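Asker: Got start_11.pdb for you, PDB, C-alpha atoms and all ligand atoms:
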```pdb
MODEL        1
ATOM      1  CA  MET A   1     144.601 113.820  45.754
ATOM      2  CA  SER A   2     144.297 110.768  47.950
ATOM      3  CA  PRO A   3     144.875 107.789  45.732
ATOM      4  CA  PHE A   4     143.655 104.718  47.639
ATOM      5  CA  THR A   5     140.220 103.129  48.014
ATOM      6  CA  ILE A   6     138.959 100.612  50.546
ATOM      7  CA  GLY A   7     136.538  97.932  49.369
ATOM      8  CA  ILE A   8     134.649  95.757  51.852
ATOM      9  CA  ASP A   9     132.410  92.789  51.267
ATOM     10  CA  LEU A  10     130.479  92.113  54.446
ATOM     11  CA  GLY A  11     129.251  88.532  54.361
ATOM     12  CA  GLY A  12     127.390  86.454  56.921
ATOM     13  CA  THR A  13     130.500  84.297  57.420
ATOM     14  CA  ASN A  14     133.475  86.505  56.545
ATOM     15  CA  ILE A  15     134.406  90.157  56.240
ATOM     16  CA  LYS A  16     136.516  90.497  53.098
ATOM     17  CA  ALA A  17     138.421  93.756  52.874
ATOM     18  CA  ALA A  18     141.082  95.223  50.610
ATOM     19  CA  ILE A  19     142.895  98.463  49.879
ATOM     20  CA  PHE A  20     143.107  99.274  46.171
ATOM     21  CA  ASN A  21     145.439 101.540  44.241
ATOM     22  CA  PRO A  22     143.968 103.952  41.609
ATOM     23  CA  ASP A  23     143.951 101.117  38.998
ATOM     24  CA  PHE A  24     141.940  98.940  41.392
ATOM     25  CA  LYS A  25     144.849  96.600  41.955
ATOM     26  CA  ILE A  26     144.897  95.098  45.442
ATOM     27  CA  LEU A  27     147.618  96.421  47.795
ATOM     28  CA  VAL A  28     146.531  94.323  50.731
ATOM     29  CA  GLU A  29     143.545  92.108  51.438
ATOM     30  CA  LYS A  30     142.131  90.404  54.491
ATOM     31  CA  SER A  31     139.379  87.975  55.302
ATOM     32  CA  VAL A  32     138.256  87.674  58.914
ATOM     33  CA  PRO A  33     135.270  85.863  60.446
ATOM     34  CA  THR A  34     132.256  88.197  60.726
ATOM     35  CA  GLU A  35     131.053  86.758  64.062
ATOM     36  CA  ALA A  36     127.607  88.109  63.211
ATOM     37  CA  ALA A  37     126.037  86.331  66.205
ATOM     38  CA  LYS A  38     127.821  88.788  68.539
ATOM     39  CA  GLY A  39     125.706  91.658  67.221
ATOM     40  CA  PRO A  40     126.068  94.767  65.058
ATOM     41  CA  ASP A  41     128.494  96.690  67.324
ATOM     42  CA  HIS A  42     130.876  93.775  67.359
ATOM     43  CA  VAL A  43     130.725  93.396  63.566
ATOM     44  CA  LEU A  44     131.342  97.116  62.980
ATOM     45  CA  ASP A  45     134.267  97.022  65.443
ATOM     46  CA  ARG A  46     135.774  94.127  63.520
ATOM     47  CA  ILE A  47     135.495  96.059  60.260
ATOM     48  CA  THR A  48     137.161  99.098  61.857
ATOM     49  CA  LYS A  49     139.963  96.962  63.269
ATOM     50  CA  THR A  50     140.516  95.243  59.911
ATOM     51  CA  ILE A  51     140.793  98.619  58.147
ATOM     52  CA  LEU A  52     143.305  99.887  60.702
ATOM     53  CA  GLU A  53     145.375  96.708  60.356
ATOM     54  CA  MET A  54     145.476  97.025  56.570
ATOM     55  CA  ILE A  55     146.499 100.675  56.801
ATOM     56  CA  HIS A  56     149.215  99.780  59.277
ATOM     57  CA  GLU A  57     150.548  96.929  57.109
ATOM     58  CA  THR A  58     150.687  98.987  53.918
ATOM     59  CA  ARG A  59     152.224 101.924  55.807
ATOM     60  CA  ILE A  60     149.932 104.351  54.086
ATOM     61  CA  SER A  61     148.288 107.079  56.075
ATOM     62  CA  LEU A  62     144.559 107.546  56.721
ATOM     63  CA  VAL A  63     144.690 110.804  54.765
ATOM     64  CA  ASP A  64     145.734 108.793  51.700
ATOM     65  CA  ILE A  65     142.362 107.029  51.648
ATOM     66  CA  LYS A  66     140.109 108.657  49.089
ATOM     67  CA  CYS A  67     136.899 106.759  49.867
ATOM     68  CA  MET A  68     135.433 103.458  50.951
ATOM     69  CA  GLY A  69     132.655 101.220  49.646
ATOM     70  CA  MET A  70     130.951  98.382  51.489
ATOM     71  CA  GLY A  71     128.618  95.690  50.207
ATOM     72  CA  ILE A  72     126.058  94.459  52.740
ATOM     73  CA  PRO A  73     123.491  91.699  52.189
ATOM     74  CA  GLY A  74     119.813  92.486  52.621
ATOM     75  CA  LEU A  75     117.697  95.603  52.430
ATOM     76  CA  LEU A  76     119.343  98.986  52.678
ATOM     77  CA  ASP A  77     119.114 102.659  51.825
ATOM     78  CA  PRO A  78     122.330 103.552  49.970
ATOM     79  CA  GLN A  79     121.631 107.316  50.066
ATOM     80  CA  GLU A  80     121.263 107.346  53.865
ATOM     81  CA  GLY A  81     124.037 104.792  54.478
ATOM     82  CA  LEU A  82     121.450 102.758  56.329
ATOM     83  CA  SER A  83     121.298  98.969  56.516
ATOM     84  CA  ILE A  84     117.617  98.243  57.184
ATOM     85  CA  PHE A  85     117.650  94.488  57.572
ATOM     86  CA  SER A  86     120.055  91.671  56.824
ATOM     87  CA  PRO A  87     118.748  88.110  57.074
ATOM     88  CA  ASN A  88     121.912  86.413  58.402
ATOM     89  CA  PHE A  89     122.800  89.131  60.933
ATOM     90  CA  PRO A  90     121.009  88.848  64.301
ATOM     91  CA  ASP A  91     119.669  92.128  65.787
ATOM     92  CA  TRP A  92     120.603  93.912  62.610
ATOM     93  CA  ASN A  93     117.775  96.454  62.295
ATOM     94  CA  ASP A  94     118.148 100.003  60.955
ATOM     95  CA  ILE A  95     121.894 100.166  61.450
ATOM     96  CA  HIS A  96     123.368 103.534  60.378
ATOM     97  CA  VAL A  97     126.539 101.901  59.091
ATOM     98  CA  VAL A  98     128.033 105.020  57.524
ATOM     99  CA  ASN A  99     127.305 107.297  60.511
ATOM    100  CA  ARG A 100     128.801 104.781  62.930
ATOM    101  CA  MET A 101     131.943 104.233  60.863
ATOM    102  CA  LYS A 102     132.321 108.014  60.526
ATOM    103  CA  THR A 103     133.142 108.223  64.225
ATOM    104  CA  PHE A 104     136.450 106.521  63.323
ATOM    105  CA  PHE A 105     137.163 107.612  59.777
ATOM    106  CA  ASN A 106     136.428 110.810  57.906
ATOM    107  CA  PHE A 107     136.872 109.715  54.302
ATOM    108  CA  PRO A 108     133.632 109.425  52.273
ATOM    109  CA  MET A 109     131.875 106.061  52.654
ATOM    110  CA  PHE A 110     129.174 104.406  50.595
ATOM    111  CA  ILE A 111     127.182 101.244  51.094
ATOM    112  CA  ASP A 112     125.045  99.174  48.763
ATOM    113  CA  ASN A 113     123.639  95.706  48.441
ATOM    114  CA  ASP A 114     126.318  92.993  48.202
ATOM    115  CA  VAL A 115     125.046  91.590  44.902
ATOM    116  CA  ARG A 116     125.042  95.055  43.309
ATOM    117  CA  MET A 117     128.671  95.413  44.407
ATOM    118  CA  ASN A 118     129.442  92.120  42.639
ATOM    119  CA  LEU A 119     127.691  93.551  39.615
ATOM    120  CA  TYR A 120     129.853  96.714  39.666
ATOM    121  CA  GLY A 121     132.973  94.553  39.959
ATOM    122  CA  GLU A 122     132.099  92.225  37.083
ATOM    123  CA  TRP A 123     130.895  95.181  34.979
ATOM    124  CA  ARG A 124     134.084  97.213  35.279
ATOM    125  CA  TYR A 125     136.730  94.504  35.720
ATOM    126  CA  GLY A 126     135.184  91.100  34.946
ATOM    127  CA  SER A 127     132.913  89.410  32.396
ATOM    128  CA  GLY A 128     130.843  92.542  31.787
ATOM    129  CA  ILE A 129     133.577  94.953  30.607
ATOM    130  CA  GLY A 130     132.402  97.279  27.845
ATOM    131  CA  ASN A 131     128.714  96.314  28.056
ATOM    132  CA  GLU A 132     125.882  98.720  28.858
ATOM    133  CA  ASN A 133     123.146  96.137  29.475
ATOM    134  CA  VAL A 134     124.240  93.619  32.050
ATOM    135  CA  VAL A 135     122.436  91.231  34.367
ATOM    136  CA  LEU A 136     124.305  89.474  37.153
ATOM    137  CA  ILE A 137     122.904  86.582  39.113
ATOM    138  CA  THR A 138     124.718  84.932  42.005
ATOM    139  CA  LEU A 139     123.905  81.338  42.878
ATOM    140  CA  GLY A 140     124.680  80.602  46.504
ATOM    141  CA  THR A 141     122.355  79.844  49.376
ATOM    142  CA  GLY A 142     119.795  81.833  47.375
ATOM    143  CA  LEU A 143     119.676  83.593  44.013
ATOM    144  CA  GLY A 144     120.909  87.195  44.162
ATOM    145  CA  SER A 145     120.725  89.584  41.227
ATOM    146  CA  GLY A 146     121.490  93.033  39.919
ATOM    147  CA  ILE A 147     120.684  94.760  36.644
ATOM    148  CA  ILE A 148     122.377  97.421  34.537
ATOM    149  CA  ASN A 149     120.064  98.847  31.890
ATOM    150  CA  ASP A 150     121.381 101.308  29.268
ATOM    151  CA  GLY A 151     124.492 101.922  31.366
ATOM    152  CA  LYS A 152     122.651 102.573  34.631
ATOM    153  CA  VAL A 153     122.279 100.296  37.636
ATOM    154  CA  VAL A 154     118.567  99.736  38.215
ATOM    155  CA  TYR A 155     117.438 100.617  41.763
ATOM    156  CA  GLY A 156     113.704 101.293  41.781
ATOM    157  CA  LYS A 157     111.739 103.295  44.358
ATOM    158  CA  THR A 158     112.921 101.319  47.396
ATOM    159  CA  SER A 159     116.309 100.198  45.984
ATOM    160  CA  SER A 160     114.887  96.698  45.647
ATOM    161  CA  ALA A 161     114.474  96.384  41.861
ATOM    162  CA  GLY A 162     115.713  93.370  39.954
ATOM    163  CA  GLU A 163     114.942  90.601  42.457
ATOM    164  CA  ILE A 164     115.078  87.806  39.913
ATOM    165  CA  GLY A 165     115.351  85.234  42.711
ATOM    166  CA  HIS A 166     111.830  86.040  43.861
ATOM    167  CA  MET A 167     110.278  85.665  40.423
ATOM    168  CA  ASN A 168     107.319  83.330  40.879
ATOM    169  CA  MET A 169     107.824  80.079  38.969
ATOM    170  CA  TYR A 170     105.144  77.935  40.633
ATOM    171  CA  ARG A 171     101.778  79.067  41.999
ATOM    172  CA  GLU A 172     102.180  76.922  45.108
ATOM    173  CA  GLY A 173     105.808  75.907  45.426
ATOM    174  CA  ARG A 174     108.471  75.759  48.085
ATOM    175  CA  PRO A 175     107.995  78.444  50.757
ATOM    176  CA  CYS A 176     110.384  81.394  50.561
ATOM    177  CA  LYS A 177     111.765  83.704  53.287
ATOM    178  CA  CYS A 178     110.178  86.634  51.422
ATOM    179  CA  GLY A 179     106.726  85.344  52.473
ATOM    180  CA  SER A 180     105.768  84.060  49.040
ATOM    181  CA  SER A 181     106.261  80.568  47.659
ATOM    182  CA  GLY A 182     107.491  79.036  44.420
ATOM    183  CA  CYS A 183     110.251  81.682  43.996
ATOM    184  CA  LEU A 184     113.012  80.913  41.459
ATOM    185  CA  GLY A 185     115.758  81.101  44.105
ATOM    186  CA  ARG A 186     114.132  78.282  46.103
ATOM    187  CA  TYR A 187     115.002  75.975  43.191
ATOM    188  CA  VAL A 188     117.906  77.608  41.381
ATOM    189  CA  SER A 189     120.575  78.045  44.071
ATOM    190  CA  ALA A 190     122.990  75.698  45.801
ATOM    191  CA  VAL A 191     120.422  75.033  48.533
ATOM    192  CA  GLY A 192     117.590  74.704  46.004
ATOM    193  CA  MET A 193     119.444  72.193  43.864
ATOM    194  CA  VAL A 194     120.361  70.111  46.922
ATOM    195  CA  ASN A 195     116.689  70.141  47.996
ATOM    196  CA  SER A 196     115.624  68.963  44.539
ATOM    197  CA  PHE A 197     118.142  66.168  44.796
ATOM    198  CA  ILE A 198     116.949  65.089  48.250
ATOM    199  CA  GLU A 199     113.333  65.078  47.012
ATOM    200  CA  LYS A 200     114.328  62.511  44.395
ATOM    201  CA  LEU A 201     116.189  60.347  46.933
ATOM    202  CA  ASN A 202     113.151  60.485  49.207
ATOM    203  CA  ASN A 203     111.099  59.227  46.268
ATOM    204  CA  GLY A 204     113.265  56.136  46.177
ATOM    205  CA  ARG A 205     115.762  57.130  43.475
ATOM    206  CA  GLN A 206     119.302  55.723  43.742
ATOM    207  CA  SER A 207     122.437  57.840  43.338
ATOM    208  CA  ILE A 208     126.155  57.409  43.832
ATOM    209  CA  ILE A 209     125.963  60.350  46.242
ATOM    210  CA  GLN A 210     124.219  58.081  48.767
ATOM    211  CA  GLU A 211     127.483  56.130  48.989
ATOM    212  CA  TRP A 212     129.360  59.375  49.673
ATOM    213  CA  VAL A 213     127.105  60.828  52.370
ATOM    214  CA  GLY A 214     125.563  57.688  53.913
ATOM    215  CA  LYS A 215     122.456  58.575  55.905
ATOM    216  CA  ASP A 216     123.640  62.127  56.563
ATOM    217  CA  GLN A 217     121.890  64.129  53.850
ATOM    218  CA  SER A 218     122.976  67.389  55.504
ATOM    219  CA  SER A 219     126.483  66.990  54.033
ATOM    220  CA  LEU A 220     125.095  66.790  50.475
ATOM    221  CA  SER A 221     126.331  69.747  48.415
ATOM    222  CA  ALA A 222     125.902  71.316  44.974
ATOM    223  CA  LYS A 223     129.560  70.464  44.323
ATOM    224  CA  MET A 224     128.822  66.772  44.910
ATOM    225  CA  ILE A 225     125.999  66.961  42.389
ATOM    226  CA  SER A 226     128.499  68.336  39.816
ATOM    227  CA  GLU A 227     130.924  65.522  40.636
ATOM    228  CA  ALA A 228     128.225  62.858  40.362
ATOM    229  CA  TYR A 229     127.098  64.466  37.082
ATOM    230  CA  ASP A 230     130.622  63.992  35.694
ATOM    231  CA  LEU A 231     130.458  60.309  36.668
ATOM    232  CA  GLY A 232     127.222  59.908  34.701
ATOM    233  CA  ASP A 233     124.946  59.657  37.753
ATOM    234  CA  GLU A 234     121.363  59.664  36.443
ATOM    235  CA  VAL A 235     119.800  61.593  39.322
ATOM    236  CA  ALA A 236     122.565  64.209  39.274
ATOM    237  CA  ILE A 237     122.160  64.726  35.519
ATOM    238  CA  GLU A 238     118.395  65.017  35.926
ATOM    239  CA  VAL A 239     118.637  67.560  38.756
ATOM    240  CA  MET A 240     121.263  69.626  36.908
ATOM    241  CA  HIS A 241     119.077  69.682  33.775
ATOM    242  CA  GLU A 242     115.882  70.516  35.658
ATOM    243  CA  THR A 243     117.684  73.322  37.524
ATOM    244  CA  GLY A 244     119.154  74.635  34.254
ATOM    245  CA  ARG A 245     115.774  74.529  32.529
ATOM    246  CA  LEU A 246     114.063  76.420  35.332
ATOM    247  CA  LEU A 247     116.808  79.047  35.312
ATOM    248  CA  GLY A 248     116.400  79.190  31.520
ATOM    249  CA  TYR A 249     112.666  79.924  31.874
ATOM    250  CA  GLY A 250     113.387  82.590  34.484
ATOM    251  CA  LEU A 251     116.106  84.193  32.352
ATOM    252  CA  SER A 252     113.841  84.096  29.272
ATOM    253  CA  ASN A 253     111.587  86.508  31.165
ATOM    254  CA  VAL A 254     114.599  88.617  32.142
ATOM    255  CA  ILE A 255     115.839  88.703  28.524
ATOM    256  CA  ASN A 256     112.390  89.744  27.293
ATOM    257  CA  LEU A 257     112.098  92.447  29.959
ATOM    258  CA  PHE A 258     115.582  94.002  29.876
ATOM    259  CA  ASN A 259     117.187  92.955  26.568
ATOM    260  CA  PRO A 260     120.630  92.449  28.188
ATOM    261  CA  GLU A 261     123.730  91.809  26.080
ATOM    262  CA  ILE A 262     125.245  89.679  28.794
ATOM    263  CA  ILE A 263     123.946  87.681  31.726
ATOM    264  CA  ILE A 264     126.748  86.860  34.167
ATOM    265  CA  VAL A 265     126.323  83.877  36.435
ATOM    266  CA  GLY A 266     128.397  84.041  39.623
ATOM    267  CA  GLY A 267     128.377  82.671  43.171
ATOM    268  CA  GLY A 268     129.605  79.303  44.431
ATOM    269  CA  MET A 269     127.235  77.208  42.318
ATOM    270  CA  SER A 270     128.390  78.884  39.095
ATOM    271  CA  ALA A 271     131.327  76.454  39.312
ATOM    272  CA  ALA A 272     128.916  73.975  37.677
ATOM    273  CA  GLY A 273     129.693  76.002  34.522
ATOM    274  CA  ASP A 274     128.430  74.581  31.250
ATOM    275  CA  ARG A 275     126.884  71.547  32.950
ATOM    276  CA  LEU A 276     124.234  74.061  33.990
ATOM    277  CA  LEU A 277     124.629  76.897  31.479
ATOM    278  CA  SER A 278     124.335  74.777  28.304
ATOM    279  CA  VAL A 279     120.786  73.811  29.370
ATOM    280  CA  VAL A 280     120.047  77.425  30.338
ATOM    281  CA  ARG A 281     121.102  78.584  26.843
ATOM    282  CA  GLU A 282     119.034  75.870  25.131
ATOM    283  CA  THR A 283     116.000  76.952  27.125
ATOM    284  CA  THR A 284     116.310  80.686  26.482
ATOM    285  CA  ALA A 285     116.853  79.910  22.768
ATOM    286  CA  LYS A 286     113.425  78.249  22.759
ATOM    287  CA  HIS A 287     111.518  80.604  25.021
ATOM    288  CA  ALA A 288     112.963  84.139  24.932
ATOM    289  CA  LEU A 289     112.223  86.532  22.066
ATOM    290  CA  LYS A 290     114.537  85.502  19.223
ATOM    291  CA  LEU A 291     116.098  88.895  18.523
ATOM    292  CA  SER A 292     116.772  89.568  22.204
ATOM    293  CA  ASN A 293     118.126  86.085  22.839
ATOM    294  CA  GLN A 294     120.515  86.231  19.889
ATOM    295  CA  ALA A 295     121.985  89.452  21.304
ATOM    296  CA  CYS A 296     122.511  87.960  24.762
ATOM    297  CA  ARG A 297     125.441  85.881  25.997
ATOM    298  CA  ILE A 298     125.139  83.858  29.202
ATOM    299  CA  LEU A 299     128.557  83.478  30.810
ATOM    300  CA  GLN A 300     130.263  82.582  34.077
ATOM    301  CA  ALA A 301     131.559  85.381  36.308
ATOM    302  CA  GLN A 302     135.315  86.022  36.234
ATOM    303  CA  LEU A 303     136.268  87.681  39.510
ATOM    304  CA  GLY A 304     135.207  84.908  41.891
ATOM    305  CA  ALA A 305     135.193  85.724  45.611
ATOM    306  CA  ARG A 306     136.926  89.096  45.044
ATOM    307  CA  ALA A 307     134.094  90.566  42.932
ATOM    308  CA  GLY A 308     132.343  92.097  45.960
ATOM    309  CA  MET A 309     135.422  93.917  47.268
ATOM    310  CA  ILE A 310     136.470  95.197  43.852
ATOM    311  CA  GLY A 311     132.908  96.272  43.084
ATOM    312  CA  ALA A 312     132.614  98.086  46.413
ATOM    313  CA  ALA A 313     135.770 100.073  45.630
ATOM    314  CA  VAL A 314     134.582 100.877  42.085
ATOM    315  CA  TYR A 315     131.142 101.887  43.382
ATOM    316  CA  ALA A 316     132.586 104.207  46.027
ATOM    317  CA  ASN A 317     134.632 106.036  43.379
ATOM    318  CA  GLU A 318     131.626 106.410  41.088
ATOM    319  CA  ARG A 319     129.411 107.716  43.901
ATOM    320  CA  LEU A 320     132.149 110.133  44.936
ATOM    321  CA  LYS A 321     132.431 111.439  41.384
ATOM    322  CA  ILE A 322     128.661 112.030  41.262
ATOM    323  CA  MET A 323     128.808 113.828  44.636
ATOM    324  CA  GLU A 324     131.674 116.056  43.518
ATOM    325  CA  THR A 325     129.957 117.088  40.260
ATOM    326  CA  HIS A 326     126.745 118.117  42.071
TER
HETATM  327 ZN    ZN B   1     110.830  84.769  47.546
ENDMDL
END
```
Please express what this file holds, its structure, as structure tokens.
Ligand SMILES: [Zn+2]
Answerer:
Amino acid sequence: MSPFTIGIDLGGTNIKAAIFNPDFKILVEKSVPTEAAKGPDHVLDRITKTILEMIHETRISLVDIKCMGMGIPGLLDPQEGLSIFSPNFPDWNDIHVVNRMKTFFNFPMFIDNDVRMNLYGEWRYGSGIGNENVVLITLGTGLGSGIINDGKVVYGKTSSAGEIGHMNMYREGRPCKCGSSGCLGRYVSAVGMVNSFIEKLNNGRQSIIQEWVGKDQSSLSAKMISEAYDLGDEVAIEVMHETGRLLGYGLSNVINLFNPEIIIVGGGMSAAGDRLLSVVRETTAKHALKLSNQACRILQAQLGARAGMIGAAVYANERLKIMETH
């Protein structure tokens, strides 16, 4: 029985890859620039090369690889191994990722959405261990999400269920890439929070952050807002609270719909921690159904940037098990 699993987290900026032993401990890991602008063939070549390098360095043989999982952002068909569209990857349309990789490797391979891979990772080895009703949201450039309901990951007809980030919060709000406007992720995300902050500055509000960035608002970050919050900056506190409240309203709907026992908040902006989450909890306590809210904890993710790789490896093993029992 081949004991090792490869987990890959394909991001717009970096390809993160690791080989795991049967206990999902990392034997070797690598992070290389994706170079997405050079097109799909180039990206897939880089993944192949990274895998071969890891195998070489660990001195294991290709036949010792049991399976591989890969998380890819955007729309995809996990059954077909097809990546339909990925917003940060130019010319990335209907790419048969699994078929193409199979020309190099013959171990079983599985792909799924990157946020769902994070969800698998946090569920099996992070904040979600032992729970059967789990919601994960990732706060980065947008708001990604995945849902486990009664022990099963929710997919829906087109594998696009659970898009909490596109929940409509305002009838006519900020435009969203999805074609709608007023989506939660346009406000509750690193980019969204920065935009809220800039709106206030443009309305004449004064913040310590202006001293840090000068006239160059493009260098303003969610991390700076956290730092200004800690210094008692009024605008930063206001933006953090407004962002937390809006997320609280959104998650009240999620709690009422799915009755989760844990909502895990991950992604870069989750570093804001309780600055954000205390307001989220206050809001869901007021607006979600009492019984459901009392059963639900809202916590930070534990695995950080490795969640996607670990989740991809876990996912591949679970898919393989399902395949072998059918
Ligand atoms: Zn949207």
Asker: Considering only C-alpha atoms, state which residue in the set A:Val28, A:Ile262, A:Val235, A:Ser270 is at the smallest distance from Gly130 of chain A.
Answerer: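 Nearest candidate to Gly130 of chain A out of A:Val28, A:Ile262, A:Val235, A:Ser270: A:Ile262.
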Asker: For the atom pair atom CA of Gly7 of chain A and atom CA of Gly71 of chain A, what is the interatomic distance in Å to one decimal place?
Answerer: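 Value for the atom CA of Gly7 of chain A-atom CA of Gly71 of chain A distance: 8.3 Å.
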Asker: List all protein, DNA and RNA residues that have at least one atom no more than 7 Å from any atom of ligand ZN 1 (chain B), counting all atoms listed in the file, and write them as an MDAnalysis selection string.
Answerer: chainID A and resid 165:166 176:181 183
Asker: Could the residues in this selection be written to a file with C-alpha atoms, as an mmCIF file, keeping the file's coordinate frame?
Answerer:
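Output below, filename result-v1.cif:
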```cif
data_model
loop_
_atom_site.group_PDB
_atom_site.id
_atom_site.type_symbol
_atom_site.label_atom_id
_atom_site.label_comp_id
_atom_site.auth_asym_id
_atom_site.auth_seq_id
_atom_site.Cartn_x
_atom_site.Cartn_y
_atom_site.Cartn_z
ATOM 1 C CA GLY A 165 115.351 85.234 42.711
ATOM 2 C CA HIS A 166 111.830 86.040 43.861
ATOM 3 C CA CYS A 176 110.384 81.394 50.561
ATOM 4 C CA LYS A 177 111.765 83.704 53.287
ATOM 5 C CA CYS A 178 110.178 86.634 51.422
ATOM 6 C CA GLY A 179 106.726 85.344 52.473
ATOM 7 C CA SER A 180 105.768 84.060 49.040
ATOM 8 C CA SER A 181 106.261 80.568 47.659
ATOM 9 C CA CYS A 183 110.251 81.682 43.996
#
```
Asker: On this structure, the PyMOL selection byres (((chain A and resi 265) around 9) and not hetatm) would catch which residues? List them as number ranges by chain, sorted by chain and number.
Answerer: A: 135-139, 263-264, 266-267, 269-270, 273, 277, 298-301
Asker: For atom CA of Ile148 of chain A and atom CA of Lys223 of chain A, quote the distance in Å rounded to one decimal.
Answerer: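 Taking atom CA of Ile148 of chain A as the start and atom CA of Lys223 of chain A as the end point, the length is 29.6 Å.
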Asker: How would you write, as a PyMOL selection string, the residues chosen by the PyMOL selection byres (((chain A and resi 39) around 12) and not hetatm) on this structure?
Answerer: chain A and resi 12+34-38+40-46+86+88-93+95
Asker: Which residues, named as in the file, does the PyMOL selection byres (((chain A and resi 275) around 9) and not hetatm) pick out? Answer as number ranges by chain.
Answerer: A: 226, 229-230, 237, 240-241, 244, 272-274, 276-279
Asker: Env of Arg174 of chain A: 10 Å cut, atoms = only C-alpha atoms, seq-sep filter 2 positions within chain, self excluded. Answer as a PyMOL selection string.
Answerer: chain A and resi 170-172+176+180-187+192+195
Asker: Pick the closest to Phe107 of chain A from A:Val153, A:Leu27, A:Ile65, A:Ala313: which is it, counting all atoms listed in the file?
Answerer: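 Ranked by minimum distance to Phe107 of chain A, first place goes to A:Ile65.
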Asker: Would you mind telling me which residue in A:Ala190, A:Arg319, A:Val239, A:Ile47 lies nearest to Ala222 of chain A when using only C-alpha atoms?
Answerer: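 For Ala222 of chain A, the nearest of the candidates is A:Ala190.
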Asker: Would you mind telling me which residue in A:Leu201, A:Val32, A:Val154, A:Gly162 lies nearest to Gly214 of chain A when using only C-alpha atoms?
Answerer: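 Of A:Leu201, A:Val32, A:Val154, A:Gly162, the one nearest Gly214 of chain A is A:Leu201, counting only C-alpha atoms.
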Asker: Pick the closest to Phe105 of chain A from A:Asn293, A:Ser221, A:Thr48, A:Thr13: which is it, counting only C-alpha atoms?
Answerer: A:Thr48
Asker: As an exercise, work out the distance from atom CA of Leu303 of chain A to atom CA of Ser127 of chain A in Å and give it to one decimal place.
Answerer: 8.1 Å
Asker: Quick one: everything within 9 Å of Asn21 of chain A, counting all atoms listed in the file, minus sequence neighbours fewer than 5 positions away in the same chain. Send it as JSON, numbers by chain.
Answerer: {"A": [3, 4, 5, 26, 27]}
Asker: For Gln79 of chain A, please output as a ChimeraX atom specification all residues within 10 Å (counting only C-alpha atoms; exclusion window: fewer than 2 positions along the same chain).
Answerer: /A:76-77,81-82,110-112,159,319
Asker: Show which residues sit within 9 Å of Glu238 of chain A, as a PyMOL selection string. Count all atoms listed in the file, and ignore same-chain residues fewer than 5 positions away.
Answerer: chain A and resi 197+229+233+243
Asker: Choose the residue, out of A:Lys152, A:Arg245, A:Leu75, A:Ala236, that has the smallest atom-to-atom separation from Ile208 of chain A; count only C-alpha atoms.
Answerer: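 Distance minimum relative to Ile208 of chain A lands on A:Ala236.
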